[in-house]
$ cat start_33.cif   # mmCIF, C-alpha atoms and all ligand atoms
data_coords
#
loop_
_atom_site.label_atom_id
_atom_site.label_comp_id
_atom_site.auth_asym_id
_atom_site.auth_seq_id
_atom_site.Cartn_x
_atom_site.Cartn_y
_atom_site.Cartn_z
CA PRO Y 1 43.50 -10.68 -24.48
CA SER Y 2 42.29 -9.82 -21.04
CA LEU Y 3 44.92 -9.84 -18.31
CA SER Y 4 42.96 -12.46 -16.40
CA ARG Y 5 43.84 -14.97 -19.12
CA ILE Y 6 47.57 -14.46 -18.75
CA GLN Y 7 49.06 -17.42 -16.97
CA ASN Y 8 52.79 -16.92 -17.02
CA ILE Y 9 55.60 -14.65 -18.12
CA TYR Y 10 55.85 -16.27 -21.55
CA ASP Y 11 52.27 -15.25 -22.34
CA PHE Y 12 53.31 -11.59 -22.17
CA GLU Y 13 56.16 -12.30 -24.56
CA TYR Y 14 53.82 -13.96 -27.04
CA ILE Y 15 51.36 -11.08 -26.92
CA ALA Y 16 54.17 -8.54 -27.31
CA SER Y 17 55.39 -10.42 -30.38
CA ARG Y 18 51.94 -9.95 -31.91
CA VAL Y 19 51.25 -6.33 -30.99
CA LEU Y 20 54.63 -4.60 -31.23
CA SER Y 21 55.85 -3.12 -34.49
CA ASP Y 22 58.48 -5.28 -36.19
CA GLN Y 23 61.06 -2.70 -35.28
CA ALA Y 24 60.20 -2.69 -31.58
CA TRP Y 25 59.83 -6.47 -31.38
CA ASN Y 26 63.21 -7.00 -33.01
CA TYR Y 27 64.82 -4.45 -30.74
CA TYR Y 28 63.40 -5.95 -27.53
CA SER Y 29 63.72 -9.62 -28.38
CA CYS Y 30 67.01 -9.88 -30.19
CA GLY Y 31 70.31 -11.12 -28.89
CA ALA Y 32 73.77 -10.77 -30.39
CA GLU Y 33 74.82 -12.77 -33.46
CA ASP Y 34 73.66 -16.39 -33.20
CA GLU Y 35 71.82 -15.73 -29.93
CA ILE Y 36 73.58 -18.66 -28.28
CA THR Y 37 74.16 -16.76 -25.05
CA MET Y 38 70.61 -15.48 -25.00
CA ARG Y 39 69.25 -19.04 -25.21
CA GLU Y 40 71.79 -20.49 -22.79
CA ASN Y 41 70.98 -17.86 -20.18
CA HIS Y 42 67.60 -19.48 -20.03
CA TYR Y 43 68.58 -23.12 -20.53
CA ALA Y 44 71.23 -22.99 -17.81
CA TYR Y 45 68.49 -22.90 -15.17
CA GLN Y 46 67.20 -26.21 -16.50
CA ARG Y 47 70.52 -27.82 -15.61
CA ILE Y 48 69.96 -27.09 -11.92
CA TYR Y 49 67.71 -29.50 -10.06
CA PHE Y 50 66.05 -28.95 -6.74
CA ARG Y 51 66.47 -31.21 -3.74
CA PRO Y 52 63.04 -30.71 -2.15
CA ARG Y 53 62.72 -31.25 1.57
CA CYS Y 54 59.52 -33.00 2.65
CA CYS Y 55 57.36 -32.90 5.78
CA VAL Y 56 58.06 -29.29 6.63
CA ASN Y 57 55.34 -26.99 7.90
CA VAL Y 58 54.93 -24.63 4.96
CA GLN Y 59 51.59 -23.13 5.87
CA ASP Y 60 53.05 -19.62 5.90
CA VAL Y 61 55.66 -18.65 3.36
CA ASP Y 62 57.38 -15.30 3.17
CA THR Y 63 58.77 -13.94 -0.12
CA THR Y 64 60.01 -10.63 1.27
CA HIS Y 65 63.66 -9.77 0.80
CA GLU Y 66 66.09 -6.97 1.49
CA LEU Y 67 67.76 -5.47 -1.58
CA LEU Y 68 70.59 -3.02 -0.80
CA GLY Y 69 68.90 -2.05 2.43
CA SER Y 70 65.43 -1.61 0.93
CA LYS Y 71 62.64 -3.94 1.89
CA ALA Y 72 60.97 -5.55 -1.14
CA SER Y 73 58.02 -7.91 -1.46
CA VAL Y 74 60.08 -10.29 -3.60
CA PRO Y 75 63.76 -11.09 -4.24
CA PHE Y 76 63.67 -9.92 -7.88
CA TYR Y 77 63.81 -6.45 -9.42
CA VAL Y 78 63.06 -4.77 -12.72
CA SER Y 79 66.37 -4.52 -14.56
CA ALA Y 80 67.32 -1.49 -16.64
CA ALA Y 81 65.96 -1.74 -20.15
CA ALA Y 82 65.96 1.09 -22.64
CA SER Y 83 63.05 2.45 -24.62
CA ALA Y 84 59.96 1.27 -22.76
CA LYS Y 85 57.92 3.70 -24.87
CA LEU Y 86 58.26 1.43 -27.85
CA GLY Y 87 55.80 -0.82 -26.02
CA HIS Y 88 53.58 1.64 -24.16
CA ASP Y 89 53.04 5.39 -24.29
CA ASP Y 90 53.68 5.73 -20.57
CA GLY Y 91 57.13 4.20 -21.04
CA GLU Y 92 59.17 3.70 -17.89
CA CYS Y 93 56.60 5.64 -15.84
CA SER Y 94 54.03 2.85 -15.97
CA ILE Y 95 56.77 0.39 -15.04
CA ALA Y 96 57.64 2.65 -12.08
CA ARG Y 97 54.03 2.72 -10.91
CA GLY Y 98 53.41 -0.98 -11.40
CA ALA Y 99 56.64 -2.07 -9.74
CA GLY Y 100 56.37 0.43 -6.89
CA LYS Y 101 52.79 -0.54 -6.05
CA GLU Y 102 53.83 -4.18 -5.85
CA GLY Y 103 56.84 -3.45 -3.63
CA VAL Y 104 59.38 -4.18 -6.34
CA VAL Y 105 62.55 -2.18 -6.99
CA GLN Y 106 63.03 -0.61 -10.42
CA MET Y 107 66.45 -0.07 -11.97
CA ILE Y 108 66.20 2.84 -14.42
CA SER Y 109 68.17 2.76 -17.67
CA SER Y 110 70.42 5.60 -18.83
CA PHE Y 111 68.55 5.20 -22.11
CA SER Y 112 65.04 5.41 -20.78
CA SER Y 113 62.42 6.91 -23.03
CA ASN Y 114 61.14 9.13 -20.22
CA SER Y 115 63.36 11.58 -18.40
CA LEU Y 116 64.77 10.54 -15.05
CA GLU Y 117 62.68 13.32 -13.49
CA GLU Y 118 59.46 11.91 -14.95
CA ILE Y 119 60.25 8.37 -13.82
CA ALA Y 120 61.17 9.53 -10.32
CA GLU Y 121 57.94 11.51 -10.19
CA ALA Y 122 55.98 8.36 -11.08
CA ARG Y 123 57.58 6.44 -8.21
CA PRO Y 124 54.94 5.53 -5.63
CA GLU Y 125 55.55 6.67 -2.07
CA GLY Y 126 57.88 4.39 -0.18
CA SER Y 127 59.17 2.47 -3.19
CA THR Y 128 62.76 2.22 -4.38
CA GLN Y 129 64.51 3.09 -7.62
CA TRP Y 130 68.11 2.58 -8.68
CA PHE Y 131 69.92 4.27 -11.53
CA GLN Y 132 71.86 2.45 -14.23
CA LEU Y 133 74.75 4.49 -15.56
CA TYR Y 134 76.47 4.32 -18.91
CA VAL Y 135 79.78 6.08 -18.44
CA ASN Y 136 80.07 9.08 -20.71
CA GLU Y 137 83.41 10.18 -22.17
CA ASP Y 138 82.85 13.56 -20.58
CA LYS Y 139 83.43 13.13 -16.83
CA ASN Y 140 81.55 16.31 -16.01
CA VAL Y 141 78.48 14.73 -17.55
CA VAL Y 142 79.05 11.67 -15.36
CA LYS Y 143 79.34 13.78 -12.20
CA LYS Y 144 76.25 15.80 -13.09
CA THR Y 145 74.27 12.67 -13.85
CA LEU Y 146 75.25 11.16 -10.50
CA LYS Y 147 74.10 14.30 -8.68
CA ARG Y 148 70.86 14.29 -10.62
CA ALA Y 149 70.23 10.67 -9.65
CA GLU Y 150 71.02 11.43 -6.00
CA ASN Y 151 68.74 14.46 -5.94
CA LEU Y 152 65.90 12.47 -7.45
CA GLY Y 153 66.12 9.93 -4.66
CA MET Y 154 67.76 7.02 -6.45
CA LYS Y 155 69.17 4.56 -3.93
CA ALA Y 156 72.05 2.96 -5.84
CA ILE Y 157 74.15 3.33 -8.97
CA PHE Y 158 74.72 0.41 -11.32
CA VAL Y 159 77.55 1.06 -13.74
CA THR Y 160 77.12 -1.05 -16.85
CA VAL Y 161 80.48 -2.44 -17.91
CA ASP Y 162 79.61 -4.89 -20.68
CA ALA Y 163 78.86 -2.39 -23.43
CA ALA Y 164 82.20 -0.88 -24.48
CA ASN Y 165 81.13 -1.91 -27.95
CA ARG Y 166 77.60 -2.44 -29.06
CA GLY Y 167 76.65 -6.06 -29.53
CA ASN Y 168 76.13 -7.23 -33.08
CA ARG Y 169 72.36 -7.57 -33.01
CA GLU Y 170 71.62 -8.44 -36.57
CA LYS Y 171 67.82 -8.57 -36.40
CA ASP Y 172 67.81 -5.11 -34.94
CA ILE Y 173 70.37 -3.77 -37.39
CA ARG Y 174 68.54 -5.21 -40.40
CA GLN Y 175 65.39 -3.47 -39.29
CA ARG Y 176 67.25 -0.24 -38.85
CA ILE Y 177 68.51 -0.40 -42.40
CA THR Y 178 65.20 -1.22 -43.97
CA GLU Y 179 62.97 1.14 -42.02
CA ASP Y 180 63.41 4.74 -41.18
CA HIS Y 181 62.95 6.04 -37.68
CA ASP Y 182 60.38 8.73 -38.23
CA GLU Y 183 58.05 7.14 -35.75
CA LEU Y 184 60.46 8.00 -32.97
CA ASP Y 185 60.77 11.63 -32.11
CA GLU Y 186 64.20 13.18 -32.10
CA ASP Y 187 64.52 13.55 -28.38
CA HIS Y 188 63.40 9.99 -27.81
CA SER Y 189 65.80 8.44 -30.25
CA VAL Y 190 68.75 10.37 -28.89
CA ARG Y 191 68.01 9.83 -25.25
CA ALA Y 192 66.65 6.35 -25.45
CA GLY Y 193 69.04 5.01 -28.04
CA SER Y 194 66.10 3.42 -29.75
CA THR Y 195 68.23 0.90 -31.57
CA SER Y 196 71.54 -0.63 -30.75
CA GLY Y 197 73.13 1.60 -33.37
CA ALA Y 198 72.48 4.76 -31.44
CA MET Y 199 73.13 3.20 -28.08
CA PRO Y 200 76.72 3.32 -27.06
CA SER Y 201 77.94 6.21 -29.22
CA PHE Y 202 79.16 8.17 -26.21
CA ILE Y 203 80.05 5.26 -23.93
CA ASP Y 204 83.66 5.59 -22.90
CA LYS Y 205 85.69 2.74 -24.37
CA ARG Y 206 88.63 3.70 -22.14
CA MET Y 207 86.77 3.03 -18.93
CA ASP Y 208 88.75 0.88 -16.50
CA TRP Y 209 88.70 -0.03 -12.81
CA ASN Y 210 90.26 3.32 -11.87
CA GLU Y 211 87.25 5.02 -13.28
CA ILE Y 212 84.94 2.83 -11.20
CA LYS Y 213 86.97 3.98 -8.20
CA ASP Y 214 86.41 7.59 -9.27
CA ILE Y 215 82.68 7.00 -9.54
CA ILE Y 216 82.66 5.55 -6.03
CA SER Y 217 84.35 8.75 -4.83
CA TRP Y 218 81.91 11.00 -6.72
CA THR Y 219 78.73 9.67 -5.12
CA HIS Y 220 77.55 8.78 -1.65
CA LEU Y 221 75.29 6.09 -3.11
CA PRO Y 222 76.32 2.44 -3.23
CA VAL Y 223 78.03 1.61 -6.53
CA LEU Y 224 77.67 -1.80 -8.19
CA VAL Y 225 79.07 -2.92 -11.53
CA LYS Y 226 76.62 -4.53 -13.94
CA GLY Y 227 77.92 -6.93 -16.55
CA VAL Y 228 80.58 -8.89 -14.64
CA GLN Y 229 81.27 -12.27 -16.26
CA ARG Y 230 84.16 -13.94 -14.40
CA HIS Y 231 85.21 -14.50 -10.79
CA GLU Y 232 88.43 -12.50 -11.22
CA ASP Y 233 86.31 -9.41 -11.87
CA ILE Y 234 84.06 -10.04 -8.88
CA GLU Y 235 87.27 -10.02 -6.85
CA LYS Y 236 88.39 -6.73 -8.42
CA ALA Y 237 85.03 -5.17 -7.63
CA ILE Y 238 85.40 -6.31 -4.01
CA ASP Y 239 88.97 -4.99 -3.81
CA ILE Y 240 88.16 -1.50 -5.05
CA GLY Y 241 85.18 -1.06 -2.73
CA CYS Y 242 82.10 -1.73 -4.84
CA GLN Y 243 79.02 -2.74 -2.89
CA GLY Y 244 78.34 -5.51 -5.34
CA VAL Y 245 78.20 -6.81 -8.87
CA VAL Y 246 75.53 -7.91 -11.27
CA LEU Y 247 76.54 -11.07 -13.06
CA SER Y 248 75.06 -10.36 -16.46
CA ASN Y 249 75.73 -10.61 -20.16
CA HIS Y 250 73.11 -8.00 -20.99
CA GLY Y 251 70.49 -10.60 -21.77
CA GLY Y 252 72.73 -12.11 -24.46
CA ARG Y 253 72.81 -8.82 -26.37
CA GLN Y 254 76.55 -8.16 -26.19
CA LEU Y 255 79.28 -10.81 -26.63
CA ASP Y 256 77.73 -13.96 -28.02
CA THR Y 257 78.88 -17.22 -26.39
CA SER Y 258 79.72 -15.48 -23.15
CA PRO Y 259 78.55 -17.74 -20.32
CA PRO Y 260 75.17 -17.83 -18.61
CA PRO Y 261 75.40 -15.67 -15.49
CA ILE Y 262 73.91 -18.35 -13.26
CA GLU Y 263 76.79 -20.62 -14.26
CA VAL Y 264 79.33 -17.89 -13.52
CA MET Y 265 77.69 -17.51 -10.13
CA ALA Y 266 77.80 -21.23 -9.32
CA GLU Y 267 81.47 -21.38 -10.28
CA SER Y 268 82.58 -18.15 -8.67
CA ILE Y 269 81.17 -18.38 -5.17
CA PRO Y 270 83.16 -21.45 -4.08
CA ILE Y 271 86.34 -19.93 -5.55
CA LEU Y 272 85.89 -16.60 -3.78
CA LYS Y 273 84.94 -18.37 -0.58
CA ALA Y 274 88.04 -20.54 -0.66
CA LYS Y 275 90.14 -17.40 -1.06
CA GLY Y 276 88.41 -15.79 1.92
CA LYS Y 277 87.26 -12.96 -0.34
CA LEU Y 278 83.55 -13.14 0.21
CA ASP Y 279 81.87 -10.95 2.81
CA PRO Y 280 78.29 -12.12 3.47
CA ASN Y 281 77.18 -8.51 3.01
CA PHE Y 282 78.63 -8.25 -0.49
CA ASN Y 283 75.92 -8.19 -3.15
CA ILE Y 284 76.04 -10.64 -6.03
CA PHE Y 285 73.03 -10.07 -8.23
CA VAL Y 286 72.29 -12.04 -11.36
CA ASP Y 287 70.15 -11.47 -14.46
CA GLY Y 288 69.42 -13.06 -17.82
CA GLY Y 289 66.85 -15.65 -18.84
CA VAL Y 290 64.91 -15.60 -15.57
CA ARG Y 291 61.26 -16.35 -16.29
CA ARG Y 292 59.98 -18.50 -13.42
CA GLY Y 293 59.81 -18.56 -9.65
CA THR Y 294 61.97 -21.67 -9.76
CA ASP Y 295 64.75 -19.76 -11.56
CA ILE Y 296 64.74 -17.11 -8.85
CA LEU Y 297 64.88 -19.66 -6.03
CA LYS Y 298 67.82 -21.42 -7.69
CA ALA Y 299 69.85 -18.22 -7.85
CA LEU Y 300 69.16 -17.47 -4.19
CA ALA Y 301 70.13 -21.02 -3.24
CA ILE Y 302 73.46 -20.75 -5.07
CA GLY Y 303 74.27 -17.55 -3.17
CA GLY Y 304 73.12 -19.10 0.10
CA LYS Y 305 74.50 -17.30 3.11
CA ASP Y 306 77.82 -16.46 1.43
CA CYS Y 307 76.60 -13.20 -0.13
CA LYS Y 308 73.46 -11.17 -0.72
CA VAL Y 309 71.58 -12.15 -3.84
CA ALA Y 310 68.83 -10.58 -5.90
CA VAL Y 311 67.64 -11.46 -9.36
CA GLY Y 312 66.97 -9.08 -12.26
CA LEU Y 313 64.50 -9.44 -15.11
CA GLY Y 314 64.74 -7.31 -18.24
CA ARG Y 315 62.56 -8.30 -21.18
CA PRO Y 316 59.65 -9.68 -19.11
CA PHE Y 317 58.77 -6.22 -17.84
CA LEU Y 318 59.09 -4.58 -21.24
CA TYR Y 319 56.69 -7.21 -22.57
CA ALA Y 320 54.28 -6.91 -19.64
CA ASN Y 321 54.28 -3.13 -20.07
CA THR Y 322 53.54 -3.49 -23.78
CA GLY Y 323 49.87 -2.94 -24.32
CA TYR Y 324 48.93 -3.29 -20.66
CA GLY Y 325 51.12 -0.65 -18.99
CA GLU Y 326 51.04 -0.48 -15.20
CA LYS Y 327 48.44 -3.25 -14.92
CA GLY Y 328 50.54 -5.63 -16.97
CA VAL Y 329 53.60 -4.93 -14.87
CA ARG Y 330 51.63 -5.61 -11.70
CA LYS Y 331 50.22 -8.80 -13.13
CA ALA Y 332 53.69 -10.05 -14.10
CA ILE Y 333 54.92 -9.43 -10.55
CA GLN Y 334 51.87 -11.12 -9.03
CA ILE Y 335 52.35 -14.17 -11.23
CA LEU Y 336 55.99 -14.49 -10.22
CA ARG Y 337 55.18 -13.94 -6.55
CA GLU Y 338 52.54 -16.67 -6.63
CA GLU Y 339 54.98 -19.01 -8.38
CA LEU Y 340 57.57 -18.25 -5.71
CA LYS Y 341 55.16 -19.03 -2.89
CA ALA Y 342 53.99 -22.28 -4.42
CA ASP Y 343 57.54 -23.35 -5.27
CA MET Y 344 58.80 -22.54 -1.77
CA ARG Y 345 56.11 -24.78 -0.28
CA MET Y 346 56.98 -27.65 -2.60
CA LEU Y 347 60.68 -27.16 -1.93
CA GLY Y 348 60.12 -27.16 1.83
CA VAL Y 349 61.22 -23.64 2.75
CA THR Y 350 59.19 -20.92 4.40
CA SER Y 351 61.54 -17.98 4.09
CA LEU Y 352 64.18 -17.04 1.54
CA ASP Y 353 66.90 -17.09 4.23
CA GLU Y 354 66.54 -20.85 4.35
CA LEU Y 355 67.75 -21.26 0.78
CA ASP Y 356 71.26 -22.64 0.50
CA GLU Y 357 73.30 -25.07 -1.56
CA SER Y 358 71.60 -28.05 0.10
CA CYS Y 359 68.39 -27.06 -1.74
CA ILE Y 360 69.86 -27.62 -5.20
CA ASP Y 361 72.00 -29.95 -7.28
CA THR Y 362 74.32 -28.01 -9.60
CA ARG Y 363 76.41 -30.92 -10.84
CA ARG Y 364 74.93 -30.74 -14.34
CA LEU Y 365 75.66 -27.03 -14.41
CA THR Y 366 79.24 -26.87 -13.23
CA GLY Y 367 80.47 -30.45 -13.74
CA ARG Y 368 81.38 -30.54 -10.06
C1 LIG D 1 68.58 -4.17 -21.89
N1 LIG D 1 69.56 -4.17 -20.91
C2 LIG D 1 70.14 -2.98 -20.53
N2 LIG D 1 71.08 -2.94 -19.55
C3 LIG D 1 71.62 -1.79 -19.14
O1 LIG D 1 72.46 -1.79 -18.26
N3 LIG D 1 71.21 -0.61 -19.71
C4 LIG D 1 70.28 -0.55 -20.68
O2 LIG D 1 69.93 0.52 -21.16
C5 LIG D 1 69.72 -1.77 -21.14
N4 LIG D 1 68.80 -1.79 -22.14
C6 LIG D 1 68.20 -2.96 -22.51
C7 LIG D 1 67.22 -2.94 -23.49
C8 LIG D 1 66.58 -4.11 -23.84
C9 LIG D 1 65.52 -4.09 -24.89
C10 LIG D 1 66.93 -5.33 -23.21
C11 LIG D 1 66.24 -6.63 -23.56
C12 LIG D 1 67.92 -5.35 -22.25
C13 LIG D 1 69.95 -5.42 -20.22
C14 LIG D 1 69.06 -5.70 -19.01
O3 LIG D 1 69.31 -4.80 -17.97
C15 LIG D 1 69.30 -7.10 -18.45
O4 LIG D 1 70.67 -7.29 -18.20
C16 LIG D 1 68.79 -8.20 -19.38
O5 LIG D 1 67.63 -7.79 -20.06
C17 LIG D 1 68.52 -9.48 -18.62
O6 LIG D 1 68.09 -10.49 -19.46
P1 LIG D 1 66.54 -10.87 -19.70
O7 LIG D 1 65.84 -10.82 -18.38
O8 LIG D 1 66.02 -9.88 -20.67
O9 LIG D 1 66.65 -12.25 -20.26
#

$ encode --input "start_33.cif" --output "structure tokens"
Amino acid sequence: PSLSRIQNIYDFEYIASRVLSDQAWNYYSCGAEDEITMRENHYAYQRIYFRPRCCVNVQDVDTTHELLGSKASVPFYVSAAASAKLGHDDGECSIARGAGKEGVVQMISSFSSNSLEEIAEARPEGSTQWFQLYVNEDKNVVKKTLKRAENLGMKAIFVTVDAANRGNREKDIRQRITEDHDELDEDHSVRAGSTSGAMPSFIDKRMDWNEIKDIISWTHLPVLVKGVQRHEDIEKAIDIGCQGVVLSNHGGRQLDTSPPPIEVMAESIPILKAKGKLDPNFNIFVDGGVRRGTDILKALAIGGKDCKVAVGLGRPFLYANTGYGEKGVRKAIQILREELKADMRMLGVTSLDELDESCIDTRRLTGR
């Protein structure tokens, strides 16, 4: 269908389900085991209600936001997701172009289907990319990769810490058993880890907080840990000098029945605040199940002025890239930006700085 008929982020998902090969659709869409976490990531947002403020002048609304020092047109970013070529021949490069042209930051996966050089080359002038790192067992590889990311102009390093073991993604595994992988070229399948089976073969299972400290010392870029799932670990990340965390369960693809990140966020911030641990410049990002402008506003409201918040989306951009490439990615961003603007007006806020806990009711989420 023509892009003009696409109304929301779910439409891209539906179209992707129809046009992708079974193998690619299963790989993109699956979660681990019973997919409880994957569903809850999404449902958790429905347990937060707004408390709209009326009679506010909302003629002009501003969706711009600062993410790790970079100005962006919106408070969300493209999260790292492997193997964009399964959906579109231009792979991560069309995502880079689409995101960059819309003023959106792209986080690039260690398992991208294009090389980091190609994706950096596709980055439009003035736009921002971050690099997502899977920690290799060979520390020289890690150091070299960090240098490569720095030299290619990446602005931050996100170390993924929720994948010491690959999640048990049965739909994906079943497909892998029943179909061979000839359609993926050698280089692609090795680099991109085209299925979960190939993915974490070299990820260091011994990685601990000391290693995160090492990574901080090996790069001049800000280091954030992606895949934090409890407040104790946010505190550790603060203590060892990380610039931030991403509360994430990998889109429900790793440990099933781990909690929705938005719930972890709502629980953690008051605890860290009470302990005097939270610096308002510390970054607490969140991803998983975000599909609407309302979801994004809720996450920002939970963070309020206690920390810096941004929101990541994974699958939506793989789906928007599928078939449509750069244009689909731009359309997905435009849809979300328009939703944000409309929702801000109806909520009674004109800039994202105004969002705080008074804008939402989280009692159904946290029981408090
Ligand atoms: C991912 N994600 C991911 N994360 C990461 O750190 N490195 C990676 O290579 C990948 N690869 C990847 C592939 C696919 C197909 C998916 C769906 C996800 C996780 C991703 O960054 C993010 O945490 C989730 O996708 C967020 O959930 P939603 O937005 O997909 O619901």

$ closest_residue --input "start_33.cif" --among "Y:Leu152, Y:Ile284, Y:Ala80, Y:Leu68" --to "ligand LIG 1 (chain D)" --atoms "all atoms listed in the file"
Y:Ala80

$ atom_distance --input "start_33.cif" --atom1 "CA of Lys85 in chain Y" --atom2 "atom C12 of ligand LIG 1 (chain D)"
13.7 Å

$ residues_near_ligand --input "start_33.cif" --ligand "ligand LIG 1 (chain D)" --cutoff "6 Å" --atoms "all atoms listed in the file" --output "PyMOL selection string"
chain Y and resi 27-28+79-82+109-111+132+160+248+250-251+287-290+313-315

$ residues_around --input "start_33.cif" --residues "Arg18 in chain Y" --least-positions-apart "5" --cutoff "12 Å" --atoms "only C-alpha atoms" --output "VMD selection string"
chain Y and resid 1 11 to 13 24 to 26 87 319 322 to 323

$ write_last_selection --input "start_33.cif" --atoms "C-alpha atoms" --output "CSV table (one decimal), keeping the file's coordinate frame"
chain,number,residue,atom,x,y,z
Y,1,PRO,CA,43.5,-10.7,-24.5
Y,11,ASP,CA,52.3,-15.2,-22.3
Y,12,PHE,CA,53.3,-11.6,-22.2
Y,13,GLU,CA,56.2,-12.3,-24.6
Y,24,ALA,CA,60.2,-2.7,-31.6
Y,25,TRP,CA,59.8,-6.5,-31.4
Y,26,ASN,CA,63.2,-7.0,-33.0
Y,87,GLY,CA,55.8,-0.8,-26.0
Y,319,TYR,CA,56.7,-7.2,-22.6
Y,322,THR,CA,53.5,-3.5,-23.8
Y,323,GLY,CA,49.9,-2.9,-24.3

$ atom_distance --input "start_33.cif" --atom1 "CA of Val349 in chain Y" --atom2 "CA of Ile269 in chain Y"
22.1 Å

$ closest_residue --input "start_33.cif" --among "Y:Asp295, Y:Asp62, Y:Asp172, Y:Glu263" --to "Leu336 in chain Y" --atoms "all atoms listed in the file"
Y:Asp295

$ residues_around --input "start_33.cif" --residues "Lys71 in chain Y" --least-positions-apart "5" --cutoff "12 Å" --atoms "only C-alpha atoms" --output "list of chain:residue names"
Y:Thr63, Y:Thr64, Y:His65, Y:Glu66, Y:Phe76, Y:Tyr77, Y:Gly100, Y:Glu102, Y:Gly103, Y:Val104, Y:Val105, Y:Gly126, Y:Ser127, Y:Thr128, Y:Gln129, Y:Ala310

$ closest_residue --input "start_33.cif" --among "Y:Ser4, Y:Ser83, Y:Asn168, Y:Asn283" --to "Leu67 in chain Y" --atoms "all atoms listed in the file"
Y:Asn283

$ atom_distance --input "start_33.cif" --atom1 "CA of Glu232 in chain Y" --atom2 "CA of Phe282 in chain Y"
15.1 Å

$ closest_residue --input "start_33.cif" --among "Y:Gly325, Y:Pro270, Y:Pro260, Y:Gly348" --to "Met38 in chain Y" --atoms "all atoms listed in the file"
Y:Pro260

$ residues_around --input "start_33.cif" --residues "range 142-150 of chain Y" --least-positions-apart "6" --cutoff "7 Å" --atoms "all atoms listed in the file" --output "list of chain:residue names"
Y:Phe131, Y:Val135, Y:Asn136, Y:Trp218, Y:Thr219

$ residues_around --input "start_33.cif" --residues "Leu272 in chain Y" --least-positions-apart "3" --cutoff "10 Å" --atoms "all atoms listed in the file" --output "ChimeraX atom specification"
/Y:231-232,234-235,267-269,275-279,306

$ closest_residue --input "start_33.cif" --among "Y:Leu221, Y:Ala266, Y:Ala163, Y:Val286" --to "Asp361 in chain Y" --atoms "all atoms listed in the file"
Y:Ala266

$ closest_residue --input "start_33.cif" --among "Y:Lys139, Y:Ala237, Y:Gln243, Y:His220" --to "Ile203 in chain Y" --atoms "only C-alpha atoms"
Y:Lys139
